[in-house]
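Right, one structure below, let's go through it.
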Amino acid sequence: MLLDRTFDCNTRAVAAAGLERVDARSVEEFLYREARLLDERSFDEWLGLWSVEGRYWIPRHHGQENPFEQVSLCYEDAMLRETRVRRLRSDRNWSQQPVTRSVRLVGNILVDGSDASGRVIVRSCVQYTEHRLEQRQLAGEVFHKLEPDGSGGWRIYLKQVNLVSCDGVQSILEVFL
Amino acid sequence: MISNDELASLVRPDSVHKRVYTDPHIFELEMERIYGRAWVYVGHESQVPEPGDYHTTRLGDQDVVLVRAQNGAVHVLYNRCPHKGAKLVPEGDGCAGKFFRCPYHAWTFKLDGSHLSAPLRGGFEGTRYDPADPDFSMRRLARVDSYRGFVFASQAPQGPDLREFLGGAATSIDNLCDRSPIGEVEVAGGVFKVLQQSNWKVFYENLHDTMHARVTHESSFVAARQEAAVLGEMPFELLIQDGNGEPYAFWEKLELRAYAYGHGYMEGIFDPSAATRDPASREHFECLSAAYGEERARAIFGMNRHNTILYGSGSPHNVFQQFRVIRPLAVNRTLVEIQVFRCKDAPQAVWDRALTYANLVNSPSSNVMPDDIEVYRRCQEGNLTRGGEWVSLHRYLGTDKILPDGAVSVNGTSELPMRNQFAAWRAYMLDDKTPTIANQKSSECLHAS
């Protein structure tokens with residue numbers, strides 16, 4: 001269920017425990033790789049980075065606590081992420097003629113701690129530039145909550161993008177940030 | 001100056017000249033003759049719950065402030081200090097406190113706009129400065145009225161009252177409110193603000209354009225269908241993206257209702273209870289039955305409408321409790337503010353559905369709205385070419401059934417709503433002598449030669 005209130009979208013670290021075992025370099029590489037997949041529009045591979053219950057969230061408000069009581073620019077589970085990818089690929093997607101080209105500059109990556117279930121909370125910043133008919137610049141802080149994927153890598157439980165312009169007037173936002 | 005004869009020549013019974021979408025001089029006239037007269041939705045009373053609370057918005061080309069006074073009344077004022085003209089409050093929502101205080105020279109005003117004080121009053125001695133003179137107060141809009149918490153204002157001192165103006169379209173607001181067991185709604189969860197690079201009228205026309213759905217939205221409804229096929233079910237989140245893909249035969253059977261002043265509604269396209277995961281409908285029905293009795297609850301649920309149009313204000317949606325407020329910014333720029341409402345005391349699932357609909361269908365980051373915004377922009381740009389002069393409104397012309405208070409389509413793909421909107425547009429635009437609006441009939445254009 002999309003609006004399942006038990007989903008833990010809190011990005012404030014409740015513990016630092018276990019952080020000594022987190023390889024910061026592997027977290028950084030994971031975030032860089034994720035950004036590159038989106039830059040390259042390799043959406044299928046990007047979908048594969050997520051845990052089954054993972055949520056992609058772009059709040060509408062600064063300091064928004066959760067996606068349940070207020071509108072969000074995006075709040076998507078696996079089903080909705082897949083649907084968005086299907087649409088992005090459609091030949092009949094008039095607003096992807098031409099397609100949106102984008103690059104992301106990811107920086108200031110810091111592991112903040114872990115959540116109540118031991119997931120690693122990572123805070124980074126993103127500078128996002130896209131071009132479709134005209135150029136647009138977006139920026140924000142990003143929280144990732146990551147789970148070990150069982151083979152030394154990571155899976156995304158939550159990706160929360162806090163845009164500096166989240167409460168402003170928006171144009172179409174069609175691709176994932 | 002564009003003469004009335006010239007304006008009249010732009011609207012034919014079956015077509016309009018593209019200048020109505022592209023000429024900045026016509027846009028200026030619209031601000032005066034339509035937005036200067038019509039009742040325009042300013043905001044909902046729940047946006048200013050406490051005394052001093054204000055909400056700013058735009059009424060035509062005017063910056064206005066909706067404010068709650070100490071006695072609980074709501075006022076709509078131009079956002080201008082009478083001293084130097086500075087806007088008294090910044091854009092957005094906030095609380096002015098017990099009075100407005102200008103950030104420039106500290107002139108103060110009561111929450112109804114009347115003059116309170118100016119510093120060092122001795123400096124005005126022997127001048128015509130007079131706190132009782134309206135020239136020294138914030139100016140109120142000529143008329144303000146509220147319908148079930150929805151506050152409207154008119155810049156014209158005369159004209160139809162709000163109830164008469166809303167006509168049959170008021171039933172959509174009633175139904176939106178009646179979906180609460182206590183008959184009250186509130187704006188909740190914040191609003192989306194979306195910029196469309198197109199003329200405001202394009203959006204109004206599209207709201208009841210049943211022929212565009214399966215063409216414009218092919219990418220989103222096909223994506224939702226493919227996803228549902230993989231899942232083996234059609235949850236609510238996909239159902240609301242899938243609806244646009246109904247075959248032409250479905251749209252032909254829908255009812256399009258047109259009222260005076262350009263208003264109207266379109267019959268519902270989604271049956272929320274058809275979703276394989278829709279916990280809301282049953283729970284909601286039981287809640288309303290307990291409050292109103294089963295018969296009335298059934299009647300409330302039976303009013304399944306899609307977009308309603310209040311021409312000049314925007315589009316309330318009773319089934320999913322929202323209001324898309326349409327604010328023209330320039331001849332080729334339109335701001336749409338999407339308000340979502342919570343039905344007070346209704347089950348949480350009703351709110352969840354309204355929130356999901358707003359996020360997934362009408363947000364700028366949804367799969368559905370980009371389809372529309374793209375084609376509106378293409379219309380705006382295409383109409384700047386020398387490729388032709390007229391925009392066609394021919395579909396099912398002359399077949400619509402005329403009613404005492406408007407008209408109803410016989411075929412649901414009729415372009416009746418557009419013809420009705422331009423009948424209103426024409427009446428507003430040609431009546432430049434008096435501040436009142438001619439009580440135009442939607443049949444006016446239907447049987448003209």
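A note on labels: chains of the structure tokens are A, B, ... as shown, every chain counts residues from 1, and ligands are counted from 1 in their shown order.
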
* To do: Pick out the residues sitting within 7 Å of Leu73 in chain A, and hand them over as a PyMOL selection string; count only C-alpha atoms, and ignore anything fewer than 2 positions along from it in its own chain.
  => (chain A and resi 58-60+71+75) or (chain B and resi 359+363+365)

Using only C-alpha atoms, which chain A residues lie at most 9 Å away from chain B, written as a compact mmCIF listing (two decimals) with C-alpha atoms, in the first residue's frame?
# COMPACT_ATOMS: atom_id res chain seq x y z
CA MET A 1 0.00 0.00 0.00
CA LEU A 2 1.52 3.30 -1.13
CA LEU A 3 0.55 5.37 1.92
CA ARG A 60 6.64 19.68 -1.46
CA HIS A 61 7.44 21.54 1.76
CA PHE A 68 1.02 11.13 4.37
CA GLU A 69 -0.49 14.42 5.49
CA GLN A 70 0.79 16.79 2.80
CA VAL A 71 1.18 16.74 -0.96
CA SER A 72 4.52 15.63 -2.39
CA LEU A 73 6.09 16.26 -5.75
CA CYS A 74 6.84 12.53 -5.86
CA TYR A 75 6.13 9.66 -3.53
CA MET A 79 5.02 0.05 -8.99
CA LEU A 80 4.98 3.80 -9.59
CA GLU A 82 8.22 1.28 -12.98
CA THR A 83 5.16 3.04 -14.40
CA ARG A 84 7.13 6.27 -14.73
CA VAL A 85 9.91 4.42 -16.56
CA ARG A 86 7.39 2.80 -18.91
CA ARG A 87 6.03 6.23 -19.75
CA LEU A 88 9.47 7.79 -20.21
CA ARG A 89 10.21 5.12 -22.80
CA SER A 90 6.94 5.51 -24.72
CA ASP A 91 7.14 6.66 -28.35
CA ARG A 92 3.87 8.50 -27.70
CA ASN A 93 5.26 10.54 -24.81
CA TRP A 94 4.86 13.99 -26.35
CA SER A 95 6.70 15.75 -23.54
CA ASP A 167 7.68 25.11 -2.34
CA GLY A 168 8.03 27.32 -5.41
CA VAL A 169 6.23 27.40 -8.73
CA GLN A 170 7.12 24.26 -10.69
CA SER A 171 7.43 23.37 -14.31
CA ILE A 172 7.12 19.78 -15.49
CA LEU A 173 9.36 17.42 -13.52
CA GLU A 174 9.40 14.28 -15.57
CA VAL A 175 12.59 12.32 -14.92

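Proximity of B:Asp161, B:Asp14, B:Glu286, B:Asp5 to Ala38 in chain B, computed with only C-alpha atoms, is greatest for B:Asp161.
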
* DSSP-assigned alpha helix (DSSP H) among range 53-116 of chain A, expressed as a list in words -> Ala78, Met79, Leu80, Arg81, Glu82, Thr83, Arg84, Val85, Arg86, Arg87, Leu88 and Arg89 of chain A

Take the residues just selected and output them with all heavy atoms as a CSV table (one decimal), in the first residue's frame.
chain,number,residue,atom,x,y,z
A,78,ALA,N,7.7,0.9,-5.9
A,78,ALA,CA,8.3,0.2,-7.0
A,78,ALA,C,7.3,0.2,-8.2
A,78,ALA,O,7.7,0.5,-9.4
A,78,ALA,CB,8.6,-1.3,-6.7
A,79,MET,N,6.0,0.0,-7.9
A,79,MET,CA,5.0,0.0,-9.0
A,79,MET,C,5.0,1.4,-9.7
A,79,MET,O,5.0,1.5,-11.0
A,79,MET,CB,3.6,-0.2,-8.4
A,79,MET,CG,2.5,-0.1,-9.3
A,79,MET,SD,0.9,-0.4,-8.5
A,79,MET,CE,0.6,1.2,-7.7
A,80,LEU,N,5.1,2.5,-9.0
A,80,LEU,CA,5.0,3.8,-9.6
A,80,LEU,C,6.3,4.2,-10.3
A,80,LEU,O,6.3,4.9,-11.3
A,80,LEU,CB,4.6,4.8,-8.5
A,80,LEU,CG,3.1,4.7,-8.0
A,80,LEU,CD1,2.8,5.7,-6.9
A,80,LEU,CD2,2.1,4.9,-9.2
A,81,ARG,N,7.4,3.7,-9.7
A,81,ARG,CA,8.7,4.0,-10.4
A,81,ARG,C,8.7,3.3,-11.7
A,81,ARG,O,9.1,3.8,-12.7
A,81,ARG,CB,9.9,3.5,-9.5
A,81,ARG,CG,10.1,4.4,-8.3
A,81,ARG,CD,11.5,4.1,-7.6
A,81,ARG,NE,11.6,2.7,-7.2
A,81,ARG,CZ,11.2,2.3,-6.0
A,81,ARG,NH1,10.6,3.2,-5.1
A,81,ARG,NH2,11.3,1.0,-5.6
A,82,GLU,N,8.3,2.0,-11.7
A,82,GLU,CA,8.2,1.3,-13.0
A,82,GLU,C,7.3,1.9,-14.0
A,82,GLU,O,7.6,2.0,-15.2
A,82,GLU,CB,7.8,-0.2,-12.7
A,82,GLU,CG,8.9,-1.0,-12.2
A,82,GLU,CD,8.3,-2.4,-11.7
A,82,GLU,OE1,7.3,-2.9,-12.3
A,82,GLU,OE2,8.9,-3.0,-10.8
A,83,THR,N,6.1,2.4,-13.5
A,83,THR,CA,5.2,3.0,-14.4
A,83,THR,C,5.8,4.3,-15.0
A,83,THR,O,5.6,4.6,-16.2
A,83,THR,CB,3.9,3.4,-13.6
A,83,THR,OG1,3.4,2.2,-13.0
A,83,THR,CG2,2.8,3.9,-14.6
A,84,ARG,N,6.5,5.1,-14.2
A,84,ARG,CA,7.1,6.3,-14.7
A,84,ARG,C,8.2,5.9,-15.8
A,84,ARG,O,8.2,6.6,-16.9
A,84,ARG,CB,7.8,7.1,-13.6
A,84,ARG,CG,8.5,8.4,-14.1
A,84,ARG,CD,9.1,9.1,-12.9
A,84,ARG,NE,8.1,9.7,-12.0
A,84,ARG,CZ,7.5,10.9,-12.1
A,84,ARG,NH1,7.9,11.7,-13.1
A,84,ARG,NH2,6.6,11.3,-11.2
A,85,VAL,N,8.9,4.8,-15.6
A,85,VAL,CA,9.9,4.4,-16.6
A,85,VAL,C,9.2,4.0,-17.8
A,85,VAL,O,9.6,4.3,-19.0
A,85,VAL,CB,10.8,3.3,-16.0
A,85,VAL,CG1,11.6,2.7,-17.1
A,85,VAL,CG2,11.7,3.8,-14.9
A,86,ARG,N,8.1,3.2,-17.7
A,86,ARG,CA,7.4,2.8,-18.9
A,86,ARG,C,7.0,4.0,-19.7
A,86,ARG,O,7.0,4.0,-20.9
A,86,ARG,CB,6.1,2.0,-18.5
A,86,ARG,CG,6.5,0.6,-17.9
A,86,ARG,CD,5.2,-0.1,-17.6
A,86,ARG,NE,5.4,-1.2,-16.7
A,86,ARG,CZ,5.8,-2.4,-17.2
A,86,ARG,NH1,6.0,-2.6,-18.4
A,86,ARG,NH2,6.0,-3.4,-16.3
A,87,ARG,N,6.5,5.0,-19.0
A,87,ARG,CA,6.0,6.2,-19.8
A,87,ARG,C,7.2,7.0,-20.4
A,87,ARG,O,7.1,7.4,-21.5
A,87,ARG,CB,5.3,7.2,-18.8
A,87,ARG,CG,4.9,8.4,-19.5
A,87,ARG,CD,4.0,9.3,-18.6
A,87,ARG,NE,3.7,10.5,-19.4
A,87,ARG,CZ,4.5,11.6,-19.4
A,87,ARG,NH1,5.6,11.6,-18.7
A,87,ARG,NH2,4.2,12.6,-20.2
A,88,LEU,N,8.3,7.1,-19.7
A,88,LEU,CA,9.5,7.8,-20.2
A,88,LEU,C,9.9,7.2,-21.5
A,88,LEU,O,10.5,7.8,-22.4
A,88,LEU,CB,10.6,7.8,-19.2
A,88,LEU,CG,10.4,8.8,-18.0
A,88,LEU,CD1,11.5,8.6,-17.0
A,88,LEU,CD2,10.5,10.3,-18.6
A,89,ARG,N,9.7,5.8,-21.6
A,89,ARG,CA,10.2,5.1,-22.8
A,89,ARG,C,9.2,5.2,-24.0
A,89,ARG,O,9.6,4.8,-25.1
A,89,ARG,CB,10.4,3.6,-22.4
A,89,ARG,CG,11.5,3.4,-21.5
A,89,ARG,CD,12.4,2.3,-22.2
A,89,ARG,NE,13.5,2.0,-21.3
A,89,ARG,CZ,13.4,1.2,-20.2
A,89,ARG,NH1,12.2,0.7,-20.0
A,89,ARG,NH2,14.4,1.1,-19.4

* Nearby residues (only C-alpha atoms) at most 12 Å from Glu20 in chain A, same-chain spacing under 2 positions excluded, as a PyMOL selection string -> chain A and resi 16-18+22-24+111-114+120

* Find the residues near range 71-74 of chain B: any atom within 12 Å, counting only C-alpha atoms, skip ones fewer than 4 places away on the same chain, and give them as an MDAnalysis selection string. => chainID B and resid 42:55 65:67 98 110:113 140:141 143:146 149:153
